[in-house]
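Trainee: Below is the file query35.txt, which contains compact mmCIF, C-alpha atoms and all ligand atoms.
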```txt
# COMPACT_ATOMS: atom_id res chain seq x y z
CA MET A 27 0.11 -9.41 29.37
CA PRO A 28 -1.40 -10.13 25.97
CA PRO A 29 0.59 -9.10 22.91
CA LEU A 30 0.01 -5.55 21.71
CA TRP A 31 -2.04 -6.64 18.72
CA ASN A 32 -4.51 -8.62 20.83
CA MET A 33 -6.05 -5.32 21.78
CA SER A 34 -7.32 -5.01 18.24
CA LEU A 35 -8.40 -8.58 17.64
CA GLU A 36 -12.02 -7.76 18.27
CA ARG A 37 -11.88 -5.71 15.12
CA SER A 38 -10.55 -8.42 12.88
CA ILE A 39 -12.75 -11.41 13.67
CA GLY A 40 -15.88 -12.24 11.77
CA ARG A 41 -17.38 -11.05 8.53
CA PRO A 42 -16.17 -7.58 7.70
CA HIS A 43 -18.83 -5.12 8.73
CA ARG A 44 -17.77 -1.59 8.03
CA LYS A 45 -17.74 0.64 11.06
CA PRO A 46 -18.53 4.34 10.76
CA ASP A 47 -14.84 5.10 11.29
CA GLY A 48 -13.89 2.94 8.30
CA GLY A 49 -12.53 0.14 10.50
CA LEU A 50 -13.59 -3.47 10.53
CA GLY A 51 -15.24 -5.37 13.28
CA LEU A 52 -18.22 -7.09 14.77
CA GLY A 53 -20.56 -6.36 17.57
CA SER A 54 -19.95 -8.26 20.79
CA GLY A 55 -23.08 -10.41 20.23
CA ALA A 56 -21.79 -11.76 16.94
CA GLU A 57 -18.36 -12.21 18.51
CA LEU A 58 -19.91 -14.34 21.22
CA ILE A 59 -21.77 -16.46 18.68
CA LEU A 60 -18.55 -17.00 16.73
CA GLY A 61 -16.92 -18.25 19.92
CA LEU A 62 -19.78 -20.68 20.54
CA VAL A 63 -19.91 -21.98 16.98
CA TYR A 64 -16.19 -22.57 16.60
CA PRO A 65 -14.54 -24.79 19.17
CA PRO A 66 -11.05 -23.80 20.32
CA VAL A 67 -9.31 -26.15 17.92
CA CYS A 68 -6.70 -25.35 15.27
CA ALA A 69 -8.40 -24.62 11.92
CA LEU A 70 -5.37 -26.01 10.06
CA CYS A 71 -4.38 -29.29 11.73
CA HIS A 72 -7.58 -29.91 13.75
CA GLN A 73 -5.31 -31.54 16.35
CA HIS A 74 -4.31 -28.95 18.90
CA ARG A 75 -6.00 -26.32 20.94
CA ALA A 76 -6.13 -22.82 19.47
CA ASP A 77 -8.42 -19.99 20.50
CA ARG A 78 -9.74 -16.98 18.64
CA ASN A 79 -6.95 -14.76 19.93
CA GLN A 80 -4.56 -17.01 18.02
CA GLY A 81 -6.77 -16.83 14.93
CA TYR A 82 -7.51 -20.53 15.47
CA VAL A 83 -3.95 -21.49 14.48
CA CYS A 84 -2.19 -23.61 17.12
CA ASP A 85 1.34 -23.11 18.41
CA ALA A 86 2.60 -26.12 16.45
CA CYS A 87 1.24 -24.78 13.15
CA GLN A 88 2.49 -21.29 13.96
CA GLY A 89 5.90 -22.86 14.51
CA ARG A 90 5.92 -24.03 10.89
CA VAL A 91 5.87 -20.44 9.57
CA ARG A 92 9.15 -19.50 7.86
CA ARG A 93 9.79 -16.06 9.26
CA ILE A 94 12.06 -13.67 7.40
CA THR A 95 15.03 -12.52 9.46
CA GLU A 96 18.16 -10.49 8.85
CA PRO A 97 20.18 -10.33 6.72
CA CYS A 98 17.93 -9.04 4.00
CA CYS A 99 18.00 -6.35 1.32
CA ARG A 100 17.74 -3.05 3.16
CA CYS A 101 15.46 -1.75 0.41
CA CYS A 102 13.02 -4.53 -0.57
CA GLY A 103 13.60 -6.88 2.37
CA ILE A 104 14.36 -9.96 0.30
CA PRO A 105 16.24 -12.34 2.60
CA PHE A 106 19.88 -13.15 1.92
CA SER A 107 21.51 -16.36 2.91
CA GLY A 108 24.94 -16.29 4.48
CA THR A 109 26.92 -13.30 5.61
CA ILE A 110 26.73 -10.15 3.54
CA ILE A 111 29.83 -8.28 2.59
CA GLY A 112 29.71 -5.23 0.38
CA SER A 113 26.30 -4.07 -0.78
CA GLN A 114 23.31 -4.71 1.45
CA THR A 115 21.02 -4.03 -1.46
CA CYS A 116 19.90 -6.80 -3.81
CA ALA A 117 20.65 -6.80 -7.53
CA THR A 118 17.07 -5.72 -8.39
CA CYS A 119 17.07 -2.73 -6.06
CA ARG A 120 20.50 -1.67 -7.29
CA LYS A 121 19.08 -1.61 -10.82
CA ASP A 122 15.59 -0.18 -10.31
CA SER A 123 14.11 2.48 -8.13
CA TRP A 124 10.82 2.06 -6.34
CA ALA A 125 8.17 4.60 -5.41
CA TRP A 126 8.21 3.19 -1.87
CA ASP A 127 11.24 3.72 0.35
CA GLU A 128 11.37 0.35 2.06
CA ALA A 129 9.42 -2.91 1.90
CA ARG A 130 9.32 -5.72 4.42
CA ALA A 131 7.38 -8.94 4.91
CA ALA A 132 7.07 -11.11 7.98
CA ALA A 133 7.31 -14.55 6.40
CA ILE A 134 8.00 -16.42 3.20
CA ALA A 135 4.83 -17.07 1.20
CA GLU A 136 4.71 -20.85 1.43
CA GLY A 137 3.26 -23.64 3.55
CA VAL A 138 1.10 -22.63 6.50
CA THR A 139 1.35 -18.91 5.74
CA LEU A 140 0.19 -19.23 2.14
CA GLU A 141 -2.61 -21.62 3.10
CA CYS A 142 -3.92 -19.10 5.64
CA ILE A 143 -3.75 -16.27 3.09
CA HIS A 144 -5.66 -18.31 0.50
CA ARG A 145 -8.28 -19.41 2.99
CA LEU A 146 -8.80 -15.83 4.16
CA LYS A 147 -9.04 -14.50 0.61
CA TYR A 148 -10.89 -17.17 -1.28
CA GLN A 149 -12.76 -19.18 1.36
CA ARG A 150 -13.51 -16.17 3.56
CA GLU A 151 -12.36 -17.82 6.77
CA PRO A 152 -12.00 -14.62 8.77
CA TRP A 153 -10.05 -15.97 11.75
CA PHE A 154 -6.99 -16.30 9.52
CA GLY A 155 -7.03 -12.50 9.26
CA THR A 156 -6.39 -12.39 13.01
CA PHE A 157 -3.52 -14.86 12.76
CA LEU A 158 -1.96 -13.16 9.72
CA SER A 159 -2.20 -9.62 11.05
CA GLY A 160 -0.65 -10.86 14.31
CA LEU A 161 2.17 -12.46 12.33
CA MET A 162 2.78 -9.24 10.42
CA MET A 163 2.66 -7.07 13.55
CA GLU A 164 5.08 -9.31 15.41
CA ALA A 165 7.69 -8.32 12.83
CA ALA A 166 6.43 -4.82 11.99
CA LEU A 167 5.68 -3.18 15.34
CA PRO A 168 9.25 -3.23 16.70
CA ARG A 169 10.37 -1.40 13.54
CA LEU A 170 7.43 1.00 13.36
CA ILE A 171 6.51 1.85 16.93
CA ASP A 172 9.14 4.54 17.53
CA HIS A 173 8.37 6.56 14.42
CA SER A 174 5.69 9.07 13.67
CA TRP A 175 3.19 7.88 11.03
CA GLN A 176 0.35 9.76 9.43
CA GLY A 177 -1.67 6.64 8.71
CA VAL A 178 -1.91 3.11 7.31
CA VAL A 179 -3.15 2.54 3.75
CA PRO A 180 -4.23 -0.92 2.55
CA VAL A 181 -3.64 -1.71 -1.13
CA PRO A 182 -7.12 -1.14 -2.60
CA LEU A 183 -9.08 -3.72 -4.52
CA HIS A 184 -11.08 -2.67 -7.54
CA ARG A 185 -14.66 -1.96 -6.40
CA VAL A 186 -16.09 -4.83 -8.51
CA LYS A 187 -13.64 -7.30 -6.98
CA GLN A 188 -14.30 -5.98 -3.51
CA ARG A 189 -18.04 -6.39 -4.03
CA GLU A 190 -17.52 -9.99 -5.15
CA ARG A 191 -15.22 -10.84 -2.26
CA GLU A 192 -17.17 -8.68 0.22
CA PHE A 193 -13.98 -7.50 1.85
CA ASN A 194 -10.44 -6.38 1.09
CA GLN A 195 -7.93 -8.72 2.71
CA ALA A 196 -5.28 -5.98 2.83
CA GLU A 197 -7.71 -3.81 4.83
CA ARG A 198 -8.30 -6.63 7.32
CA LEU A 199 -4.54 -6.89 7.85
CA ALA A 200 -3.98 -3.14 7.98
CA ALA A 201 -6.78 -2.29 10.45
CA PRO A 202 -5.21 -3.97 13.53
CA LEU A 203 -1.82 -2.44 12.67
CA ALA A 204 -3.32 1.05 12.46
CA HIS A 205 -5.15 0.43 15.73
CA ALA A 206 -2.00 -0.80 17.50
CA LEU A 207 -0.03 2.24 16.29
CA GLY A 208 -2.87 4.61 17.15
CA VAL A 209 -2.99 6.10 13.65
CA PRO A 210 -5.86 6.28 11.15
CA LEU A 211 -6.62 3.55 8.64
CA ARG A 212 -7.03 5.44 5.39
CA THR A 213 -9.00 3.81 2.59
CA ASP A 214 -10.02 7.14 1.08
CA LEU A 215 -6.74 8.20 -0.52
CA VAL A 216 -6.11 5.76 -3.37
CA ARG A 217 -8.44 3.77 -5.59
CA ARG A 218 -7.89 1.08 -8.15
CA ARG A 219 -8.67 2.36 -11.59
CA GLU A 220 -9.29 -1.00 -13.20
CA ALA A 221 -9.48 -4.66 -12.35
CA THR A 222 -5.98 -5.66 -13.37
CA SER A 223 -5.77 -8.94 -15.25
CA SER A 224 -3.11 -11.49 -14.45
CA GLN A 225 0.32 -10.02 -14.85
CA THR A 226 2.23 -13.27 -14.90
CA SER A 227 2.87 -13.11 -18.65
CA LEU A 228 4.36 -9.61 -18.43
CA SER A 229 8.02 -8.80 -18.00
CA ARG A 230 9.05 -7.25 -14.71
CA LYS A 231 9.45 -3.81 -16.28
CA ASP A 232 6.02 -4.05 -17.95
CA ARG A 233 4.42 -5.09 -14.65
CA ILE A 234 5.76 -2.02 -12.93
CA GLY A 235 4.61 0.21 -15.81
CA ASN A 236 1.21 -1.47 -15.78
CA MET A 237 0.71 -0.98 -12.05
CA ARG A 238 1.81 2.67 -12.22
CA THR A 239 -1.39 3.33 -14.17
CA ALA A 240 -3.63 0.94 -12.19
CA PHE A 241 -4.16 3.30 -9.24
CA GLU A 242 -5.28 6.90 -8.95
CA PRO A 243 -5.86 9.41 -6.17
CA ALA A 244 -9.35 9.12 -4.71
CA ARG A 245 -9.34 12.67 -3.41
CA THR A 246 -7.49 15.90 -3.93
CA PRO A 247 -6.41 17.18 -0.51
CA GLN A 248 -2.69 16.90 -0.06
CA ILE A 249 -1.07 14.66 2.53
CA HIS A 250 2.37 14.86 4.12
CA GLY A 251 4.78 12.90 6.29
CA SER A 252 5.35 9.14 6.56
CA TRP A 253 2.87 6.45 5.61
CA ILE A 254 2.60 2.67 5.95
CA LEU A 255 1.24 0.72 2.99
CA VAL A 256 -0.07 -2.80 3.65
CA ASP A 257 -0.65 -5.76 1.33
CA ASP A 258 -1.07 -9.48 1.94
CA VAL A 259 1.69 -10.78 -0.32
CA LEU A 260 4.65 -9.03 -1.92
CA THR A 261 5.59 -10.58 -5.22
CA THR A 262 7.47 -8.31 -7.62
CA GLY A 263 6.74 -5.15 -5.61
CA ALA A 264 4.96 -3.65 -8.65
CA THR A 265 1.49 -3.40 -7.02
CA THR A 266 2.72 -1.61 -3.92
CA ASP A 267 4.93 0.53 -6.16
CA GLY A 268 1.81 1.69 -8.02
CA VAL A 269 0.00 2.67 -4.81
CA ALA A 270 3.13 4.27 -3.32
CA ALA A 271 3.53 6.40 -6.47
CA VAL A 272 0.02 7.83 -5.92
CA LEU A 273 0.74 8.51 -2.22
CA LYS A 274 3.98 10.29 -3.17
CA ASN A 275 2.10 12.37 -5.75
CA LEU A 276 -0.40 13.30 -3.06
CA GLY A 277 2.48 14.59 -0.95
CA ALA A 278 3.69 11.66 1.17
CA GLU A 279 7.37 12.09 1.96
CA ARG A 280 8.05 8.50 2.94
CA VAL A 281 6.17 5.25 2.22
CA VAL A 282 7.09 2.02 3.96
CA VAL A 283 5.48 -1.22 2.78
CA TRP A 284 4.55 -4.07 5.10
CA ALA A 285 3.18 -7.41 3.92
CA VAL A 286 2.44 -10.65 5.71
CA ALA A 287 4.38 -12.69 3.23
CA ARG A 288 6.81 -12.43 0.40
CA ALA A 289 6.77 -14.71 -2.62
CA ILE A 290 10.25 -16.03 -3.13
CA LEU A 291 12.06 -18.51 -5.30
CA GLU A 292 14.69 -20.50 -3.47
CA ILE A 293 17.17 -19.12 -5.99
CA ASP A 294 16.33 -15.59 -4.75
CA LEU A 295 17.69 -16.54 -1.34
CA GLN A 296 21.21 -16.42 -2.73
CA PRO A 297 22.71 -13.01 -2.03
CA ALA A 298 24.28 -10.93 -4.75
CA ARG A 299 27.48 -10.87 -2.77
CA GLN A 300 28.16 -13.44 -0.15
CA SER A 301 31.19 -14.49 1.80
ZN ZN B 1 -2.47 -26.66 14.19
ZN ZN B 2 16.09 -5.49 -2.85
```
What does this structure look like when you write it as structure tokens?
Mentor:
Amino acid sequence: MPPLWNMSLERSIGRPHRKPDGGLGLGSGAELILGLVYPPVCALCHQHRADRNQGYVCDACQGRVRRITEPCCRCCGIPFSGTIIGSQTCATCRKDSWAWDEARAAAIAEGVTLECIHRLKYQREPWFGTFLSGLMMEAALPRLIDHSWQGVVPVPLHRVKQREREFNQAERLAAPLAHALGVPLRTDLVRRREATSSQTSLSRKDRIGNMRTAFEPARTPQIHGSWILVDDVLTTGATTDGVAAVLKNLGAERVVVWAVARAILEIDLQPARQS
């Protein structure tokens, strides 16, 4: 039996054409053409067989992904090394509070994973969306499937940026997850107020403050219940914090963040308390 997320792969291959329901996908004709144009070879190593259901990433390349496993911070999901005794929350989460309740990522943002993210985002190679959403769902679905969710919200791009890029990578990752969970993909709740400039020169506190004003509600009706927020990469957590704050203001009771990858310094892998 194919993995659960394969059911939604049709929606995540090809250039992002907006469907009336707000989802992403292609007609079967275009899908067929894509299959004829691209041979079933890995788009990364060009050595091994890989088909479109794998996002054209072969088993060997998929094996090079550094997946995040327990133990990790129960709040932000940052992986710990070694055995944890005492607090299961990292030093950052003990100090700060987030608008989201929990954040998790499937893999560390490096190597194969980061290359696929960059090639999806900047070179518009859509098949990597299939691979990356599959990677995220492999980790996310077991944790999400038994709960009741109101919907999945991708972190919005500013409309100018989205026009330039022609698609929002977070939406491409979120759509198959929403489909697999049988809940709506909601792109109508939050919008990006401004195209945020690079935040790398800002302190962590300033980044969070900056992102709290970068998003605004896109509509007034109230929402309720639990929501899933999706982004491609988690770095400081400030961007998702900004979106989660809007969702909470709209009435969401719980917001759980899922990302494909998490940017990490090797030094971060040391736990705050370790045996
Ligand atoms: Zn390969
Ligand atoms: Zn943490």
Trainee: Set out as CSV a contact list for chain A and ligand ZN 1 (chain B) with a cut-off of 12 Å, giving each residue of chain A that qualifies its closest atom pair and distance in Å to one decimal, counting all atoms listed in the file, ordered by chain and rising residue number.
Mentor:
```
residue,atom,partner,partner_atom,distance
A:Pro66,CA,B:ZN1,ZN,10.9
A:Val67,CA,B:ZN1,ZN,7.8
A:Cys68,CA,B:ZN1,ZN,4.6
A:Ala69,CA,B:ZN1,ZN,6.7
A:Leu70,CA,B:ZN1,ZN,5.1
A:Cys71,CA,B:ZN1,ZN,4.1
A:His72,CA,B:ZN1,ZN,6.1
A:Gln73,CA,B:ZN1,ZN,6.0
A:His74,CA,B:ZN1,ZN,5.6
A:Arg75,CA,B:ZN1,ZN,7.6
A:Ala76,CA,B:ZN1,ZN,7.5
A:Asp77,CA,B:ZN1,ZN,10.9
A:Gln80,CA,B:ZN1,ZN,10.6
A:Gly81,CA,B:ZN1,ZN,10.8
A:Tyr82,CA,B:ZN1,ZN,8.0
A:Val83,CA,B:ZN1,ZN,5.4
A:Cys84,CA,B:ZN1,ZN,4.2
A:Asp85,CA,B:ZN1,ZN,6.7
A:Ala86,CA,B:ZN1,ZN,5.6
A:Cys87,CA,B:ZN1,ZN,4.3
A:Gln88,CA,B:ZN1,ZN,7.3
A:Gly89,CA,B:ZN1,ZN,9.2
A:Arg90,CA,B:ZN1,ZN,9.4
A:Val91,CA,B:ZN1,ZN,11.4
A:Val138,CA,B:ZN1,ZN,9.4
A:Cys142,CA,B:ZN1,ZN,11.5
A:Phe157,CA,B:ZN1,ZN,11.9
```
Trainee: Around ligand ZN 2 (chain B), which protein and nucleic acid residues have at least one atom no more than 6 Å from it, if we count only C-alpha atoms and all ligand atoms? List them as a PyMOL selection string.
Mentor: chain A and resi 99+101-104+115-116+118-119
Trainee: Which residues of stretch 114-179 of chain A come within 9 Å of stretch 206-219 of chain A, and what is each one's closest atom pair and distance in Å (one decimal), counting only C-alpha atoms, sorted by chain and residue number, as CSV?
Mentor:
```
residue,atom,partner,partner_atom,distance
A:Met163,CA,A:Ala206,CA,8.8
A:Leu167,CA,A:Leu207,CA,7.9
A:Leu170,CA,A:Leu207,CA,8.1
A:Ile171,CA,A:Leu207,CA,6.6
A:Trp175,CA,A:Val209,CA,6.9
A:Gln176,CA,A:Val209,CA,6.5
A:Gly177,CA,A:Pro210,CA,4.9
A:Val178,CA,A:Leu211,CA,4.9
A:Val179,CA,A:Arg212,CA,5.1
```
Trainee: A:Glu197, A:Glu192, A:Glu151, A:Asp127: which is nearest A:Ala270, counting only C-alpha atoms?
Mentor: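 Between A:Glu197, A:Glu192, A:Glu151, A:Asp127, the residue approaching A:Ala270 most closely is A:Asp127.
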Trainee: Identify, on the basis of all atoms listed in the file, every residue whose closest approach to A:Thr266 does not exceed 8 Å; exclude the query and any residue fewer than 2 positions from it along the same chain; express the result as a compact mmCIF listing (two decimals) with C-alpha atoms, keeping the file's coordinate frame.
Mentor:
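In the end it all went to part_3.txt:
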```txt
# COMPACT_ATOMS: atom_id res chain seq x y z
CA TRP A 126 8.21 3.19 -1.87
CA VAL A 181 -3.64 -1.71 -1.13
CA LEU A 255 1.24 0.72 2.99
CA ASP A 257 -0.65 -5.76 1.33
CA LEU A 260 4.65 -9.03 -1.92
CA GLY A 263 6.74 -5.15 -5.61
CA ALA A 264 4.96 -3.65 -8.65
CA GLY A 268 1.81 1.69 -8.02
CA VAL A 269 0.00 2.67 -4.81
CA ALA A 270 3.13 4.27 -3.32
CA VAL A 283 5.48 -1.22 2.78
```
Trainee: When distances are computed from only C-alpha atoms, which of A:Ala165, A:Leu203, A:Ala132, A:Thr265 shows the smallest separation from A:Arg230?
Mentor: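 Among the listed residues, A:Thr265 lies closest to A:Arg230.
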Trainee: What separation in Å, quoted to one decimal, exists between atom CA of A:Gly251 and atom CA of A:Val282?
Mentor: 11.4 Å
Trainee: Record the distance separating atom CA of A:Arg78 and atom CA of A:Arg169, expressed in Å with one decimal.
Mentor: 25.9 Å
Trainee: Within 10 Å of A:Arg145, counting only C-alpha atoms, which residues show up once you throw out same-chain ones fewer than 6 positions away? Write them as a list in words, please.
Mentor: Glu151, Pro152, Trp153, Phe154 and Gly155 of chain A
Trainee: In Å, how far is it from atom CA of A:Ser252 to atom CA of A:Leu183?
Mentor: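 About the pair atom CA of A:Ser252 and atom CA of A:Leu183: they are 22.3 Å apart.
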Trainee: Please provide as an mmCIF file with C-alpha atoms, in the coordinates of the input all residues within 10 Å of A:Glu220, with the sequence filter that same-chain residues fewer than 4 positions apart are discarded (counting all atoms listed in the file).
Mentor:
```cif
data_model
loop_
_atom_site.group_PDB
_atom_site.id
_atom_site.type_symbol
_atom_site.label_atom_id
_atom_site.label_comp_id
_atom_site.auth_asym_id
_atom_site.auth_seq_id
_atom_site.Cartn_x
_atom_site.Cartn_y
_atom_site.Cartn_z
ATOM 1 C CA LEU A 183 -9.080 -3.720 -4.520
ATOM 2 C CA HIS A 184 -11.080 -2.670 -7.540
ATOM 3 C CA ARG A 185 -14.660 -1.960 -6.400
ATOM 4 C CA VAL A 186 -16.090 -4.830 -8.510
ATOM 5 C CA LYS A 187 -13.640 -7.300 -6.980
ATOM 6 C CA THR A 239 -1.390 3.330 -14.170
ATOM 7 C CA ALA A 240 -3.630 0.940 -12.190
ATOM 8 C CA PHE A 241 -4.160 3.300 -9.240
ATOM 9 C CA GLU A 242 -5.280 6.900 -8.950
#
```
Trainee: I'd like to know which of A:Ala135, A:Ala204, A:Ala244, A:Ile94 is closest to A:Asn275, using all atoms listed in the file.
Mentor: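 When distances to A:Asn275 are compared using all atoms listed in the file, the smallest one comes from A:Ala244.
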